[in-house]
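Peer 1: Mind having a look at this structure? Questions to follow.
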Amino acid sequence: MPYSRFAVDALGVITIILVLILVLAGLFCILYLIYFHTKIRGQGYNQLGYFHGPWIIRIVFILFAIWWGFGEVVRLNLIRGEGRLLSAFGFRWQETVCKCYIVSSLGFAEPCLYLTVVFLLRASLQKSGTLSQKWNGKTVGYILLFCLPVFALQLVLILAGPQLEKNGLKHLPEYFTSPVKQSEDDVALCTYPLLSTFCHGLFAIMLTSYLVERICFELKGKKMHPPLTLHRHPLCADIIEEFQKCHTDHPLGKFLGQCTELKVKLDRCFRQEKAIKRKANFEQSKKLKERLQAYRKETAEMQS
């Protein structure tokens, strides 16, 4: 059921308000990131250096989001029609705006947002690297480089769409390739071509698959605590029992931090236990070495 004109305009107003909030929040975050960066460098908070390493990439992410928000405002039907902002322009000009919007949004803004999120999450999984001064610049270059094929593909689909309809894809409906729908009052309404949306979704699936694979790989590579067997860890037996009981009593809460405090205690106990065992092994090794030296000395005296 199509929406009424009032409902469409109301959604347009809400969209503009949300985009305005996005812009204001983004500008505030950019200013705060710059302030935070200056504070860290000025007062020598080296402990926060790794956390704040990708600050330029965060700013770039905000700029991509603002660019995407402006595109969403441009495509609104609220600014089209009689007496509206774009009413002075003809249908062809409005059609060109819609084409530019599709290429800008599906070919540049959204892929860059996805890529930026992937690089930020990937950086958070690394033990080092984001402290490098060149990391931010290289990452921006990689984002634009990986986005270029998607941009070119969307551009080809939009420009070649009419030709595809006339030649090879006559049997396909218009919404497969057309980014514009003409209304009764000769207004160009922006739509998402199905082919462009399909390519965009395929790109998002590829990035998501890569990110999930990287996360699984990193998690497998991390060392977990030793097997929780009481006979192997007598010094930590009480904490192990409490930890296992917590997991049994809170099957869902354990994923929400219900047993985190016990996990911290358990890790601390394992470290202390390891230190005690290391010290005991060192003492045994020292005694064995002394006995071996005494035996060699005694053997040498007997031979002489």
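Lettering and numbering for the structure tokens are positional, with chains as A, B, ... in the shown order, residues counted from 1 in each chain, and ligands counted from 1 in the shown order.
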If you count only C-alpha atoms, which residues fall within 8 Å of region 6-15 of chain A, apart from same-chain ones fewer than 4 positions away, as JSON, numbers by chain?

Peer 2: {"A": [19, 72, 73, 76, 77, 78]}

Peer 1: From the set A:Ile240, A:Gln94, A:Phe36, A:Val156, which residue has the shortest atom-to-atom contact distance to Lys181 (chain A), counting only C-alpha atoms?

Peer 2: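 Ranking A:Ile240, A:Gln94, A:Phe36, A:Val156 by distance to Lys181 (chain A), first place goes to A:Gln94.
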
Peer 1: When distances are computed from only C-alpha atoms, which of A:Ala152, A:Ile102, A:Ile56, A:Ala275 shows the smallest separation from Thr191 (chain A)?

Peer 2: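 Residue with the minimum atom-to-atom distance to Thr191 (chain A): A:Ile102.
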
Peer 1: Quick one: pull the distance between CA of Val97 (chain A) and CA of Phe70 (chain A), Å, one decimal.

Peer 2: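 Answer for the CA of Val97 (chain A) to CA of Phe70 (chain A) separation: 12.6 Å.
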
Peer 1: Apply DSSP to the structure's backbone, then extract all residues of region 93-212 of chain A labelled strand (DSSP E) and return them as a list of chain:residue names.

Peer 2: A:Val180, A:Lys181, A:Gln182, A:Ala188, A:Leu189, A:Cys190

Peer 1: Quick one: everything within 6 Å of Pro193 (chain A), counting only C-alpha atoms, minus sequence neighbours fewer than 5 positions away in the same chain. Send it as a PDB file with all heavy atoms, in the first residue's frame.

Peer 2:
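In the end it all went to around-v8.pdb:
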```pdb
ATOM      1  N   TYR A 175      12.797  -1.705 -12.815  1.00  0.00           N
ATOM      2  CA  TYR A 175      13.438  -1.445 -11.527  1.00  0.00           C
ATOM      3  C   TYR A 175      14.757  -2.197 -11.355  1.00  0.00           C
ATOM      4  O   TYR A 175      15.455  -1.997 -10.367  1.00  0.00           O
ATOM      5  CB  TYR A 175      12.494  -1.783 -10.374  1.00  0.00           C
ATOM      6  CG  TYR A 175      11.957  -3.194 -10.364  1.00  0.00           C
ATOM      7  CD1 TYR A 175      12.736  -4.257  -9.913  1.00  0.00           C
ATOM      8  CD2 TYR A 175      10.662  -3.465 -10.789  1.00  0.00           C
ATOM      9  CE1 TYR A 175      12.254  -5.549  -9.891  1.00  0.00           C
ATOM     10  CE2 TYR A 175      10.167  -4.760 -10.778  1.00  0.00           C
ATOM     11  CZ  TYR A 175      10.960  -5.797 -10.326  1.00  0.00           C
ATOM     12  OH  TYR A 175      10.469  -7.078 -10.312  1.00  0.00           O
ATOM     13  N   PHE A 176      15.121  -3.056 -12.293  1.00  0.00           N
ATOM     14  CA  PHE A 176      16.410  -3.737 -12.214  1.00  0.00           C
ATOM     15  C   PHE A 176      17.569  -2.776 -12.481  1.00  0.00           C
ATOM     16  O   PHE A 176      18.647  -2.934 -11.911  1.00  0.00           O
ATOM     17  CB  PHE A 176      16.451  -4.895 -13.208  1.00  0.00           C
ATOM     18  CG  PHE A 176      16.006  -6.202 -12.625  1.00  0.00           C
ATOM     19  CD1 PHE A 176      14.658  -6.464 -12.450  1.00  0.00           C
ATOM     20  CD2 PHE A 176      16.922  -7.154 -12.239  1.00  0.00           C
ATOM     21  CE1 PHE A 176      14.232  -7.661 -11.909  1.00  0.00           C
ATOM     22  CE2 PHE A 176      16.513  -8.360 -11.694  1.00  0.00           C
ATOM     23  CZ  PHE A 176      15.158  -8.613 -11.524  1.00  0.00           C
ATOM     24  N   THR A 177      17.372  -1.817 -13.353  1.00  0.00           N
ATOM     25  CA  THR A 177      18.477  -0.944 -13.768  1.00  0.00           C
ATOM     26  C   THR A 177      18.185   0.542 -13.613  1.00  0.00           C
ATOM     27  O   THR A 177      19.118   1.347 -13.601  1.00  0.00           O
ATOM     28  CB  THR A 177      18.822  -1.203 -15.245  1.00  0.00           C
ATOM     29  OG1 THR A 177      17.646  -1.008 -16.042  1.00  0.00           O
ATOM     30  CG2 THR A 177      19.341  -2.621 -15.439  1.00  0.00           C
ATOM     31  N   SER A 178      16.953   0.930 -13.465  1.00  0.00           N
ATOM     32  CA  SER A 178      16.616   2.353 -13.447  1.00  0.00           C
ATOM     33  C   SER A 178      16.706   2.921 -12.036  1.00  0.00           C
ATOM     34  O   SER A 178      16.113   2.368 -11.101  1.00  0.00           O
ATOM     35  CB  SER A 178      15.203   2.570 -13.994  1.00  0.00           C
ATOM     36  OG  SER A 178      14.846   3.940 -13.905  1.00  0.00           O
ATOM     37  N   PRO A 179      17.424   4.044 -11.852  1.00  0.00           N
ATOM     38  CA  PRO A 179      17.493   4.679 -10.530  1.00  0.00           C
ATOM     39  C   PRO A 179      16.417   5.742 -10.319  1.00  0.00           C
ATOM     40  O   PRO A 179      16.433   6.437  -9.306  1.00  0.00           O
ATOM     41  CB  PRO A 179      18.881   5.327 -10.545  1.00  0.00           C
ATOM     42  CG  PRO A 179      19.069   5.713 -11.968  1.00  0.00           C
ATOM     43  CD  PRO A 179      18.350   4.684 -12.803  1.00  0.00           C
TER      44      PRO A 179
END
```
